[in-house]
>>> print(open('coords31.txt').read())   # compact mmCIF, C-alpha atoms
# COMPACT_ATOMS: atom_id res chain seq x y z
CA MET A 1 23.86 22.51 50.99
CA THR A 2 26.32 23.19 48.16
CA LYS A 3 28.13 20.27 46.53
CA HIS A 4 31.65 19.58 45.29
CA THR A 5 33.32 16.28 44.50
CA VAL A 6 36.27 14.30 45.81
CA THR A 7 38.17 11.63 43.87
CA LEU A 8 39.01 8.32 45.53
CA THR A 9 41.65 6.10 43.94
CA ASP A 10 42.27 2.40 44.64
CA ASN A 11 46.03 2.03 45.23
CA LYS A 12 46.03 -1.53 43.88
CA THR A 13 43.94 -1.17 40.72
CA GLY A 14 44.42 2.51 40.04
CA GLU A 15 40.68 2.87 39.45
CA SER A 16 39.11 6.17 40.58
CA ILE A 17 35.60 7.28 41.44
CA GLU A 18 34.11 10.65 42.26
CA LEU A 19 31.92 11.20 45.29
CA ASP A 20 30.00 14.33 46.24
CA VAL A 21 31.24 16.52 49.09
CA LEU A 22 28.38 18.05 51.07
CA HIS A 23 28.75 21.46 52.72
CA PRO A 24 26.48 22.09 55.72
CA THR A 25 25.71 25.55 57.11
CA GLN A 26 28.06 24.82 60.04
CA GLY A 27 30.52 22.07 60.89
CA PRO A 28 32.84 19.87 58.82
CA ASN A 29 32.08 18.91 55.24
CA ALA A 30 30.96 15.34 54.56
CA ILE A 31 31.70 12.90 51.75
CA ASP A 32 28.47 11.39 50.42
CA VAL A 33 29.17 7.64 50.37
CA THR A 34 25.63 6.52 49.56
CA GLN A 35 26.78 5.37 46.08
CA LEU A 36 30.06 3.87 47.27
CA TYR A 37 28.91 0.25 47.47
CA LYS A 38 27.07 0.47 44.17
CA LYS A 39 30.12 1.92 42.41
CA THR A 40 32.90 -0.08 44.09
CA GLY A 41 31.38 -3.04 45.91
CA MET A 42 32.98 -1.76 49.13
CA PHE A 43 31.60 -0.46 52.45
CA THR A 44 33.05 2.05 54.88
CA TYR A 45 34.05 0.81 58.35
CA ASP A 46 33.37 3.20 61.24
CA PRO A 47 32.63 1.62 64.67
CA GLY A 48 30.53 3.93 66.81
CA PHE A 49 30.02 6.26 63.81
CA MET A 50 33.04 8.32 64.86
CA SER A 51 33.41 9.81 61.38
CA THR A 52 29.96 9.24 59.90
CA ALA A 53 26.97 11.55 59.59
CA SER A 54 23.93 9.29 59.72
CA CYS A 55 21.43 11.98 58.70
CA TRP A 56 20.87 15.65 57.98
CA SER A 57 19.18 17.80 60.64
CA ASP A 58 18.19 21.44 61.18
CA ILE A 59 17.66 21.07 64.92
CA THR A 60 20.86 21.18 66.99
CA TYR A 61 24.45 22.10 66.27
CA LEU A 62 27.44 21.52 68.51
CA ASP A 63 31.12 22.17 68.06
CA GLY A 64 33.12 20.07 70.49
CA GLY A 65 36.36 21.95 69.90
CA LYS A 66 34.85 25.34 70.67
CA GLY A 67 32.49 24.13 73.40
CA LEU A 68 29.48 25.42 71.44
CA LEU A 69 25.89 24.17 71.64
CA GLU A 70 22.99 25.76 69.76
CA TYR A 71 19.32 24.86 69.36
CA ARG A 72 18.10 26.11 65.97
CA GLY A 73 20.92 28.69 66.01
CA TYR A 74 20.32 29.99 69.56
CA SER A 75 23.08 29.45 72.11
CA ILE A 76 22.33 27.23 75.06
CA GLN A 77 23.56 29.99 77.39
CA GLN A 78 20.94 32.48 76.16
CA LEU A 79 18.15 29.92 76.21
CA ALA A 80 19.00 28.82 79.76
CA GLU A 81 19.38 32.36 81.10
CA GLN A 82 16.44 34.03 79.37
CA GLY A 83 14.01 31.36 78.24
CA SER A 84 11.61 28.76 79.55
CA PHE A 85 11.37 25.05 78.82
CA MET A 86 8.08 25.55 76.97
CA GLU A 87 9.79 28.07 74.67
CA THR A 88 12.60 25.59 74.10
CA CYS A 89 10.11 22.85 73.25
CA TYR A 90 8.36 25.10 70.76
CA LEU A 91 11.70 26.13 69.23
CA LEU A 92 13.00 22.58 68.79
CA LEU A 93 9.72 21.37 67.33
CA ASN A 94 8.87 24.35 65.10
CA GLY A 95 12.22 25.91 64.24
CA GLU A 96 11.51 29.39 65.60
CA LEU A 97 10.90 30.96 68.99
CA PRO A 98 7.19 31.62 69.61
CA ASN A 99 5.55 35.03 69.85
CA GLN A 100 3.24 35.55 72.81
CA THR A 101 0.14 34.21 71.04
CA GLU A 102 1.97 31.13 69.78
CA PHE A 103 3.50 30.54 73.20
CA ASP A 104 0.14 30.78 74.97
CA GLU A 105 -1.55 28.45 72.49
CA PHE A 106 1.28 25.89 72.64
CA THR A 107 1.43 25.96 76.44
CA HIS A 108 -2.35 25.54 76.62
CA ARG A 109 -2.20 22.49 74.35
CA VAL A 110 0.56 20.89 76.43
CA VAL A 111 -1.16 21.62 79.74
CA HIS A 112 -4.41 20.02 78.61
CA HIS A 113 -2.70 16.78 77.62
CA THR A 114 -0.97 16.10 80.95
CA MET A 115 -3.56 13.62 82.24
CA LEU A 116 -2.93 9.93 81.63
CA HIS A 117 -5.68 7.54 80.63
CA GLU A 118 -7.10 6.24 83.91
CA GLN A 119 -6.49 2.62 82.97
CA ILE A 120 -2.75 3.31 82.73
CA LYS A 121 -2.76 3.44 86.54
CA ARG A 122 -3.39 -0.30 86.48
CA PHE A 123 -0.35 -0.78 84.28
CA TYR A 124 1.89 0.50 87.08
CA SER A 125 0.57 -2.14 89.45
CA GLY A 126 1.98 -4.81 87.15
CA PHE A 127 5.50 -3.85 88.21
CA ARG A 128 7.21 -4.99 91.38
CA ARG A 129 7.10 -2.42 94.15
CA ASP A 130 10.89 -2.03 93.97
CA ALA A 131 11.06 -1.77 90.17
CA HIS A 132 13.58 0.72 88.87
CA PRO A 133 11.72 3.86 87.72
CA MET A 134 13.44 3.66 84.33
CA ALA A 135 12.08 0.14 83.81
CA THR A 136 8.63 1.47 84.61
CA MET A 137 9.09 4.42 82.26
CA VAL A 138 10.22 2.24 79.35
CA GLY A 139 7.16 0.04 79.79
CA VAL A 140 4.57 2.76 80.32
CA VAL A 141 5.73 4.93 77.40
CA GLY A 142 5.69 1.92 75.09
CA ALA A 143 2.23 1.03 76.38
CA LEU A 144 0.84 4.43 75.31
CA SER A 145 0.47 2.92 71.84
CA ALA A 146 -2.24 0.67 73.31
CA PHE A 147 -4.19 3.71 74.54
CA TYR A 148 -3.80 6.44 71.93
CA HIS A 149 -4.67 4.77 68.62
CA GLU A 150 -5.55 8.08 66.98
CA TYR A 151 -1.86 9.06 66.98
CA MET A 152 -0.66 6.17 64.82
CA GLU A 153 -0.79 7.92 61.43
CA ILE A 154 2.90 8.75 61.23
CA HIS A 155 2.77 10.10 57.67
CA ASP A 156 0.31 12.83 58.61
CA GLU A 157 2.32 15.91 59.66
CA LYS A 158 -0.49 17.30 61.81
CA ASN A 159 -0.85 13.95 63.55
CA ARG A 160 2.90 13.76 64.23
CA TYR A 161 2.80 17.25 65.75
CA GLU A 162 -0.09 16.30 68.03
CA THR A 163 1.87 13.23 69.11
CA ALA A 164 4.81 15.43 70.02
CA VAL A 165 2.60 17.68 72.15
CA LEU A 166 1.05 14.66 73.84
CA LEU A 167 4.42 13.14 74.76
CA ILE A 168 5.85 16.43 76.06
CA ALA A 169 2.75 16.77 78.22
CA LYS A 170 2.51 13.24 79.59
CA MET A 171 6.16 12.53 80.32
CA PRO A 172 6.26 14.46 83.64
CA THR A 173 3.17 12.57 84.81
CA ILE A 174 4.68 9.23 83.78
CA ALA A 175 7.98 10.12 85.47
CA ALA A 176 6.41 11.34 88.71
CA TRP A 177 4.09 8.36 88.93
CA SER A 178 7.07 6.00 88.50
CA TYR A 179 8.55 7.57 91.62
CA ARG A 180 5.26 7.53 93.53
CA TYR A 181 4.62 3.87 92.76
CA ALA A 182 8.14 2.81 93.80
CA ASN A 183 7.70 4.62 97.12
CA GLY A 184 4.17 3.46 97.95
CA LEU A 185 2.70 6.93 97.57
CA PRO A 186 -0.68 7.76 96.03
CA PHE A 187 -0.65 9.07 92.49
CA VAL A 188 -1.06 12.84 92.24
CA TYR A 189 -2.92 14.19 89.23
CA PRO A 190 -1.49 17.12 87.25
CA ASP A 191 -2.66 20.64 88.05
CA ASN A 192 -3.30 22.78 84.95
CA LYS A 193 -2.73 26.01 86.87
CA LEU A 194 0.94 25.21 87.43
CA SER A 195 3.96 25.73 85.19
CA TYR A 196 5.69 22.72 83.63
CA PRO A 197 8.42 22.39 86.33
CA ASP A 198 6.05 23.29 89.18
CA ASN A 199 3.54 20.70 88.01
CA PHE A 200 6.20 17.99 87.99
CA LEU A 201 7.41 18.87 91.49
CA HIS A 202 3.78 18.93 92.65
CA MET A 203 3.15 15.43 91.27
CA MET A 204 6.42 14.18 92.77
CA PHE A 205 6.30 15.54 96.28
CA SER A 206 2.83 16.73 97.30
CA LEU A 207 0.68 14.78 99.76
CA PRO A 208 -3.14 14.69 99.87
CA SER A 209 -3.02 15.65 103.55
CA GLU A 210 -0.88 18.77 103.15
CA GLU A 211 -0.65 21.85 100.97
CA TYR A 212 2.40 21.86 98.70
CA LEU A 213 4.09 24.84 97.10
CA ALA A 214 7.21 24.26 95.05
CA ASP A 215 10.29 26.22 96.11
CA PRO A 216 10.73 28.77 93.28
CA ARG A 217 14.50 28.26 93.41
CA MET A 218 14.09 24.54 92.81
CA SER A 219 11.52 25.18 90.12
CA ARG A 220 13.87 27.48 88.24
CA ALA A 221 16.75 25.04 88.70
CA LEU A 222 14.63 22.27 87.20
CA GLU A 223 13.68 24.51 84.28
CA VAL A 224 17.33 25.23 83.49
CA ILE A 225 18.22 21.53 83.69
CA LEU A 226 15.33 20.68 81.35
CA ILE A 227 16.51 23.29 78.84
CA THR A 228 20.16 22.20 78.90
CA HIS A 229 19.22 18.52 78.51
CA ALA A 230 16.52 18.98 75.87
CA ASP A 231 18.64 17.92 72.89
CA HIS A 232 22.21 17.10 72.02
CA GLU A 233 22.38 16.25 68.34
CA GLN A 234 22.85 12.59 67.25
CA ASN A 235 23.72 10.97 70.59
CA ALA A 236 23.09 7.29 71.28
CA SER A 237 19.46 7.64 72.42
CA THR A 238 18.49 10.08 69.65
CA SER A 239 20.11 7.81 67.08
CA THR A 240 18.17 4.92 68.62
CA VAL A 241 14.89 6.82 68.18
CA ARG A 242 15.80 7.53 64.56
CA LEU A 243 16.86 3.93 63.95
CA ALA A 244 13.66 2.52 65.46
CA GLY A 245 11.54 5.18 63.78
CA SER A 246 13.00 4.37 60.36
CA SER A 247 11.04 1.11 60.40
CA GLU A 248 7.87 3.28 60.62
CA VAL A 249 7.09 1.97 64.08
CA ASN A 250 4.62 4.03 66.11
CA PRO A 251 6.17 7.04 67.91
CA PHE A 252 5.56 5.68 71.41
CA ALA A 253 7.61 2.57 70.64
CA ALA A 254 10.38 4.72 69.11
CA ILE A 255 10.56 6.98 72.17
CA SER A 256 10.48 3.96 74.49
CA ALA A 257 13.51 2.61 72.60
CA GLY A 258 15.25 5.95 73.17
CA ILE A 259 14.54 5.78 76.89
CA ALA A 260 16.02 2.27 77.04
CA SER A 261 19.16 3.51 75.29
CA LEU A 262 19.44 6.48 77.65
CA TRP A 263 19.36 4.14 80.65
CA GLY A 264 22.95 3.00 80.05
CA PRO A 265 25.57 4.28 82.53
CA ALA A 266 27.70 5.53 79.63
CA HIS A 267 24.84 7.80 78.54
CA GLY A 268 22.00 9.04 80.76
CA GLY A 269 23.11 7.20 83.87
CA ALA A 270 26.37 9.14 84.16
CA ASN A 271 25.15 11.76 86.66
CA GLU A 272 24.11 9.01 89.07
CA ALA A 273 27.60 7.50 88.72
CA VAL A 274 29.14 10.90 89.54
CA VAL A 275 27.18 11.25 92.78
CA ARG A 276 28.07 7.69 93.83
CA MET A 277 31.73 8.51 93.19
CA LEU A 278 31.54 11.72 95.25
CA MET A 279 29.90 9.77 98.08
CA GLU A 280 32.64 7.15 97.87
CA ILE A 281 35.33 9.85 98.13
CA ARG A 282 33.54 11.51 101.06
CA ASP A 283 33.01 8.29 102.98
CA SER A 284 36.60 7.14 102.45
CA GLU A 285 37.93 10.23 104.28
CA LYS A 286 40.93 10.12 101.95
CA PRO A 287 42.19 13.24 100.16
CA VAL A 288 40.89 14.02 96.68
CA GLN A 289 44.41 13.71 95.28
CA HIS A 290 44.37 10.02 96.23
CA PHE A 291 41.49 9.41 93.83
CA VAL A 292 43.01 11.54 91.08
CA ASP A 293 46.19 9.44 91.29
CA LYS A 294 44.11 6.28 91.35
CA ALA A 295 42.28 7.33 88.18
CA LYS A 296 45.63 7.83 86.41
CA ASP A 297 46.94 4.42 87.49
CA LYS A 298 46.39 2.00 84.61
CA THR A 299 46.42 -0.94 87.02
CA GLN A 300 43.33 0.45 88.77
CA SER A 301 39.77 0.18 87.45
CA PHE A 302 38.70 3.40 89.17
CA ARG A 303 37.60 6.24 86.89
CA LEU A 304 36.74 9.86 87.58
CA MET A 305 33.12 10.00 86.50
CA GLY A 306 31.81 13.20 84.91
CA PHE A 307 35.06 14.10 83.15
CA GLY A 308 35.47 14.10 79.39
CA HIS A 309 32.95 13.80 76.59
CA ARG A 310 32.71 11.89 73.31
CA VAL A 311 32.30 15.15 71.34
CA TYR A 312 33.45 18.05 73.53
CA LYS A 313 37.21 18.65 73.57
CA ASN A 314 36.66 21.88 75.46
CA TYR A 315 34.58 22.76 78.52
CA ASP A 316 31.01 21.50 78.04
CA PRO A 317 28.91 24.71 77.81
CA ARG A 318 26.10 22.99 79.70
CA ALA A 319 28.51 22.15 82.53
CA THR A 320 29.28 25.86 83.00
CA ILE A 321 25.57 26.63 83.33
CA ILE A 322 24.85 23.72 85.68
CA LYS A 323 27.90 24.47 87.83
CA GLU A 324 26.76 28.06 88.42
CA LEU A 325 23.25 26.82 89.13
CA CYS A 326 24.57 24.26 91.62
CA HIS A 327 26.48 26.95 93.53
CA LYS A 328 23.40 29.17 93.58
CA ILE A 329 21.14 26.41 94.90
CA LEU A 330 23.51 25.31 97.65
CA ASN A 331 24.28 28.86 98.72
CA GLU A 332 20.65 29.99 98.90
CA SER A 333 18.71 26.93 99.99
CA GLU A 334 18.80 25.53 103.49
CA VAL A 335 17.23 22.35 102.07
CA ALA A 336 20.44 21.71 100.14
CA GLU A 337 22.71 22.11 103.17
CA GLU A 338 23.19 18.38 103.71
CA HIS A 339 24.68 18.03 100.21
CA ARG A 340 27.17 20.87 100.48
CA ASP A 341 29.97 18.45 101.29
CA LEU A 342 29.47 16.76 97.93
CA LEU A 343 29.76 20.12 96.17
CA ASP A 344 32.96 20.87 98.09
CA ILE A 345 34.44 17.54 96.98
CA ALA A 346 33.33 18.14 93.39
CA MET A 347 34.99 21.56 93.37
CA LYS A 348 38.24 20.18 94.81
CA LEU A 349 38.19 17.32 92.35
CA GLU A 350 37.67 19.68 89.41
CA SER A 351 40.41 22.02 90.63
CA VAL A 352 42.96 19.25 91.08
CA ALA A 353 42.12 17.52 87.80
CA LEU A 354 42.22 20.70 85.71
CA GLU A 355 45.73 21.46 86.97
CA ASP A 356 46.98 17.94 86.33
CA GLU A 357 48.79 17.43 83.02
CA TYR A 358 47.24 13.97 82.64
CA PHE A 359 43.71 15.40 82.40
CA VAL A 360 44.66 18.66 80.69
CA SER A 361 46.55 16.94 77.87
CA ARG A 362 43.61 14.59 77.29
CA LYS A 363 41.11 17.47 77.40
CA LEU A 364 39.17 15.75 80.18
CA TYR A 365 37.02 18.64 81.35
CA PRO A 366 33.97 18.30 83.63
CA ASN A 367 30.84 17.56 81.59
CA VAL A 368 27.15 18.29 82.22
CA ASP A 369 26.76 15.26 84.49
CA PHE A 370 29.39 16.42 86.96
CA TYR A 371 27.18 18.87 88.87
CA SER A 372 23.58 18.05 87.85
CA GLY A 373 23.26 15.13 90.25
CA ILE A 374 23.99 17.34 93.27
CA ILE A 375 21.15 19.63 92.21
CA PHE A 376 18.79 16.67 91.89
CA LEU A 377 19.70 15.51 95.40
CA SER A 378 19.03 19.03 96.67
CA MET A 379 15.55 18.82 95.16
CA GLY A 380 14.88 15.57 97.00
CA ILE A 381 15.12 13.45 93.87
CA PRO A 382 16.68 10.04 94.63
CA LEU A 383 19.56 8.53 92.67
CA ASN A 384 17.43 6.03 90.77
CA MET A 385 15.32 8.88 89.38
CA PHE A 386 18.23 10.82 87.85
CA THR A 387 17.99 9.14 84.43
CA VAL A 388 14.21 9.51 84.49
CA MET A 389 14.72 13.27 84.84
CA PHE A 390 17.05 13.17 81.85
CA ALA A 391 14.46 11.26 79.81
CA MET A 392 11.76 13.77 80.70
CA ALA A 393 13.95 16.59 79.39
CA ARG A 394 15.21 14.76 76.30
CA THR A 395 11.73 13.73 75.11
CA ILE A 396 11.33 16.98 73.17
CA GLY A 397 14.64 16.38 71.39
CA TRP A 398 13.75 12.79 70.52
CA ILE A 399 10.30 13.61 69.19
CA SER A 400 11.60 16.61 67.24
CA HIS A 401 14.17 14.43 65.49
CA TRP A 402 11.55 11.76 64.83
CA HIS A 403 9.18 14.38 63.42
CA GLU A 404 11.94 15.78 61.21
CA MET A 405 12.96 12.34 59.97
CA MET A 406 9.41 11.21 59.17
CA GLY A 407 8.87 14.38 57.15
CA ASP A 408 11.88 13.61 54.95
CA ASP A 409 10.97 11.75 51.76
CA LYS A 410 14.53 10.41 51.57
CA THR A 411 14.17 8.47 54.84
CA ARG A 412 14.76 4.75 54.42
CA ILE A 413 14.78 1.95 56.96
CA ALA A 414 18.18 1.96 58.62
CA ARG A 415 20.36 -1.02 57.73
CA PRO A 416 24.01 -0.70 58.83
CA ARG A 417 26.54 -2.98 57.14
CA GLN A 418 29.19 -5.13 58.82
CA LEU A 419 32.61 -6.64 58.28
CA TYR A 420 32.09 -10.37 58.70
CA THR A 421 34.97 -12.00 60.58
CA GLY A 422 33.51 -15.42 61.30
CA GLU A 423 34.07 -18.85 59.75
CA THR A 424 33.76 -19.32 56.00
CA SER A 425 31.37 -21.89 54.47
CA ARG A 426 31.50 -25.31 56.19
CA ASP A 427 29.77 -28.66 55.74
CA TYR A 428 27.32 -29.79 58.42
CA PRO A 429 28.92 -32.77 60.28
CA PRO A 430 26.83 -35.57 61.82
CA MET A 431 26.68 -35.72 65.60
CA ASP A 432 29.19 -38.60 65.93
CA LYS A 433 31.77 -36.67 63.90
CA ARG A 434 31.84 -33.52 66.05
>>> encode(input="coords31.txt", output="C-alpha cells")
Amino acid sequence: MTKHTVTLTDNKTGESIELDVLHPTQGPNAIDVTQLYKKTGMFTYDPGFMSTASCWSDITYLDGGKGLLEYRGYSIQQLAEQGSFMETCYLLLNGELPNQTEFDEFTHRVVHHTMLHEQIKRFYSGFRRDAHPMATMVGVVGALSAFYHEYMEIHDEKNRYETAVLLIAKMPTIAAWSYRYANGLPFVYPDNKLSYPDNFLHMMFSLPSEEYLADPRMSRALEVILITHADHEQNASTSTVRLAGSSEVNPFAAISAGIASLWGPAHGGANEAVVRMLMEIRDSEKPVQHFVDKAKDKTQSFRLMGFGHRVYKNYDPRATIIKELCHKILNESEVAEEHRDLLDIAMKLESVALEDEYFVSRKLYPNVDFYSGIIFLSMGIPLNMFTVMFAMARTIGWISHWHEMMGDDKTRIARPRQLYTGETSRDYPPMDKR
C-alpha cells in the first residue's frame, strides 16, 4: 500500500498533526490513526466501526455501492456458477485457485479428517434433547480443543494450516450430528466416497435401514449456498474470531466465539426470520401490500425481514444468485412443491417493495437471506438448523482470517477504547448514609 499524509488541526488550539493515509488495492483510502492517541491524547469515536478499518486483509473485497463481492479477486458470480466449495476453500485459505493436483490433494486431506473423535459422541448426550442445534455447535466446536491437543501451536504456520483443514472437514459432521441428536436419530458417520455437500446430506438424512442417495439438484444447491456464504469480509462474526484470536486463544475457541456471534438474529439468524415472516404473511391471508404498509408505519414494530444490508447499497450479488437458484429448485423439484407458496409471497413482496419509493429511496434491496431459507426448507432442513448451515459455510472464511491474522507480526491483542460517561470520582458512604 502506498502512503500519503493528511493534516488534522485542532480548531481550539490551532495545533496540527500529520497522519498517514493508506491506499489499498481497492476500496476507500484510510487514515492511519494508530499514533493519534500518542500524539494528541485523543481517541476516535466510531460505534459499530462504521468508518473504521480494524485490520488489513487480502482475502475478500466487497463494494456495497456497486454490489460487488470478490474472493481473492474472483467474482462471487463466477465462483458460484463454475466452481466447487472445495475450490473456494482452497482459494480463501491459499490465495490462488488450485490446479488439479493441488485440488485432489486438498480434497483428500479434508475428506480424511471428517471423522470426529469417538468420545465426542458422549459430549452430545450432555445436552437436553431439545437443545438448539446452534447451542450444541458452539459447545462441541469449543470442546475440540480438549481432543486435538496437537493443533494448539498457533505460531506454527503448518500447524495453523492443518487446523484449518481439520475444521473444514469436521464442521459438516458436527452440524449434522447436532440435527440428529435433537431429533432422536442415530449418528451417521461420514462417507469418504461422497462429495462435501453429498456427505453432509448423507449424514443429515440417511437411515441405517434404507439406502440414501442425495438429490443432485439439492446437492448442487447446497454447494452454491456454501460458496456464497463462505466469507464476507469483516462482518460481526469474523471480527469476533479476530478479536478472540488476538488474545492467542486456541483456534477452536476462536471459531466457537464466531459461531456464537453468528447466532444473533441480526446476523446469521436473519434467513430464519425471513421464513417466519413469509409464513406469517401466508397464514394471515392478507394481501402483501398490507405488510408493506405496516413496515412503513413508524407506529408499528413490524419489519420486512431480508431487505437492506449494513454494507450493500445496491442489490446484494449473492441474493441474485440465490434467487435464481431458488426458482430453479422449486420449478424442478417435486419435493419443494409444498414451499412454492412461500416463494410466490417472496416474489410479490420483492416486487411491491422495489416499486415503493419508501424502500427505493432507502436502497432497501433484498439481501442474501431473503431466498436462502426457502431453499433450506426445500432440502428438508428445519428452521432451527438454518444458522448452523451458515456456520458450516462460514467456517472457511473465519479460519482463513484467523490464519492470516496469526501470520501477521503486527497483530496485537485487540483493546478497543471507550468514551466514559459515568459518574466522576466519589467518596464511599457508610451504609447508614446512603
>>> closest_residue(input="coords31.txt", among="A:Arg412, A:Lys121, A:Arg318, A:Lys313", to="Ser75 of chain A", atoms="all atoms listed in the file")
A:Arg318
>>> residues_around(input="coords31.txt", residues="Asn235 of chain A", least_positions_apart="5", cutoff="10 Å", atoms="all atoms listed in the file", output="VMD selection string")
chain A and resid 240 261 to 262 267 310 to 311
>>> atom_distance(input="coords31.txt", atom1="atom CA of Ile59 of chain A", atom2="atom CA of Tyr37 of chain A")
29.4 Å
>>> closest_residue(input="coords31.txt", among="A:Thr107, A:Val21, A:Phe187, A:Ala414", to="Leu166 of chain A", atoms="all atoms listed in the file")
A:Thr107
>>> residues_around(input="coords31.txt", residues="Leu79 of chain A", least_positions_apart="2", cutoff="12 Å", atoms="all atoms listed in the file", output="ChimeraX atom specification")
/A:69-77,81-89,91-92,97,223-230,318,321
>>> residues_around(input="coords31.txt", residues="segment 363-370 of chain A", least_positions_apart="4", cutoff="10 Å", atoms="all atoms listed in the file", output="ChimeraX atom specification")
/A:65,225,228-229,267-275,278,304-309,312-323,343,346-347,349-350,353-354,357-359,374
>>> residues_around(input="coords31.txt", residues="Asp156 of chain A", least_positions_apart="6", cutoff="12 Å", atoms="only C-alpha atoms", output="PyMOL selection string")
chain A and resi 150+162-163+403+406-407
>>> atom_distance(input="coords31.txt", atom1="atom CA of Ile329 of chain A", atom2="atom CA of Ala214 of chain A")
14.1 Å
>>> residues_around(input="coords31.txt", residues="Met389 of chain A", least_positions_apart="3", cutoff="9 Å", atoms="all atoms listed in the file", output="NGL selection string")
:A and (172 or 175 or 226 or 376 or 385-386 or 392-394)
>>> axis_aligned_box(input="coords31.txt", around="segment 132-147 of chain A", padding_each_side="3 Å", output="AutoDock Vina command-line options")
--center_x 4.7 --center_y 2.5 --center_z 80.4 --size_x 23.8 --size_y 10.9 --size_z 23.0
>>> closest_residue(input="coords31.txt", among="A:Leu207, A:Met279, A:Ala266, A:Ile396", to="Val165 of chain A", atoms="all atoms listed in the file")
A:Ile396
>>> residues_near_point(input="coords31.txt", point="(-2.0, 3.7, 74.8)", cutoff="12 Å", atoms="all atoms listed in the file", output="ChimeraX atom specification")
/A:116-121,123,139-152,163,166-167,170,250-253
>>> residues_near_point(input="coords31.txt", point="(37.3, 11.6, 101.3)", cutoff="12 Å", atoms="all atoms listed in the file", output="number ranges by chain")
A: 277-292, 341-342, 344-346, 348-349
>>> closest_residue(input="coords31.txt", among="A:Phe43, A:Ser256, A:Tyr189, A:Ala80", to="Tyr420 of chain A", atoms="all atoms listed in the file")
A:Phe43
>>> closest_residue(input="coords31.txt", among="A:Gly184, A:Gly245, A:Pro28, A:Gly67", to="Trp402 of chain A", atoms="only C-alpha atoms")
A:Gly245
>>> build_atoms(input="coords31.txt", residues="segment 351-356 of chain A", atoms="all heavy atoms", output="PDB file, in the frame of the given file")
ATOM      1  N   SER A 351      39.225  21.178  90.528  1.00  0.00           N
ATOM      2  CA  SER A 351      40.410  22.020  90.630  1.00  0.00           C
ATOM      3  C   SER A 351      41.695  21.217  90.468  1.00  0.00           C
ATOM      4  O   SER A 351      42.606  21.603  89.722  1.00  0.00           O
ATOM      5  CB  SER A 351      40.423  22.748  91.982  1.00  0.00           C
ATOM      6  OG  SER A 351      41.590  23.523  92.129  1.00  0.00           O
ATOM      7  N   VAL A 352      41.765  20.087  91.153  1.00  0.00           N
ATOM      8  CA  VAL A 352      42.960  19.250  91.080  1.00  0.00           C
ATOM      9  C   VAL A 352      43.135  18.675  89.670  1.00  0.00           C
ATOM     10  O   VAL A 352      44.233  18.696  89.093  1.00  0.00           O
ATOM     11  CB  VAL A 352      42.890  18.108  92.121  1.00  0.00           C
ATOM     12  CG1 VAL A 352      44.031  17.108  91.891  1.00  0.00           C
ATOM     13  CG2 VAL A 352      42.958  18.674  93.537  1.00  0.00           C
ATOM     14  N   ALA A 353      42.049  18.171  89.106  1.00  0.00           N
ATOM     15  CA  ALA A 353      42.120  17.520  87.800  1.00  0.00           C
ATOM     16  C   ALA A 353      42.498  18.504  86.691  1.00  0.00           C
ATOM     17  O   ALA A 353      43.265  18.172  85.777  1.00  0.00           O
ATOM     18  CB  ALA A 353      40.790  16.853  87.471  1.00  0.00           C
ATOM     19  N   LEU A 354      41.964  19.729  86.767  1.00  0.00           N
ATOM     20  CA  LEU A 354      42.220  20.700  85.710  1.00  0.00           C
ATOM     21  C   LEU A 354      43.620  21.321  85.801  1.00  0.00           C
ATOM     22  O   LEU A 354      44.027  22.059  84.909  1.00  0.00           O
ATOM     23  CB  LEU A 354      41.158  21.804  85.740  1.00  0.00           C
ATOM     24  CG  LEU A 354      39.749  21.356  85.348  1.00  0.00           C
ATOM     25  CD1 LEU A 354      38.808  22.543  85.285  1.00  0.00           C
ATOM     26  CD2 LEU A 354      39.760  20.620  84.008  1.00  0.00           C
ATOM     27  N   GLU A 355      44.340  21.016  86.860  1.00  0.00           N
ATOM     28  CA  GLU A 355      45.730  21.460  86.970  1.00  0.00           C
ATOM     29  C   GLU A 355      46.701  20.308  86.762  1.00  0.00           C
ATOM     30  O   GLU A 355      47.907  20.485  86.829  1.00  0.00           O
ATOM     31  CB  GLU A 355      45.964  22.097  88.347  1.00  0.00           C
ATOM     32  CG  GLU A 355      45.209  23.415  88.551  1.00  0.00           C
ATOM     33  CD  GLU A 355      45.397  23.971  89.943  1.00  0.00           C
ATOM     34  OE1 GLU A 355      46.117  23.324  90.733  1.00  0.00           O
ATOM     35  OE2 GLU A 355      44.826  25.028  90.243  1.00  0.00           O
ATOM     36  N   ASP A 356      46.162  19.135  86.510  1.00  0.00           N
ATOM     37  CA  ASP A 356      46.980  17.940  86.330  1.00  0.00           C
ATOM     38  C   ASP A 356      47.211  17.714  84.837  1.00  0.00           C
ATOM     39  O   ASP A 356      46.257  17.657  84.054  1.00  0.00           O
ATOM     40  CB  ASP A 356      46.267  16.737  86.953  1.00  0.00           C
ATOM     41  CG  ASP A 356      47.161  15.514  87.043  1.00  0.00           C
ATOM     42  OD1 ASP A 356      47.617  15.046  85.981  1.00  0.00           O
ATOM     43  OD2 ASP A 356      47.390  15.033  88.165  1.00  0.00           O
TER      44      ASP A 356
END
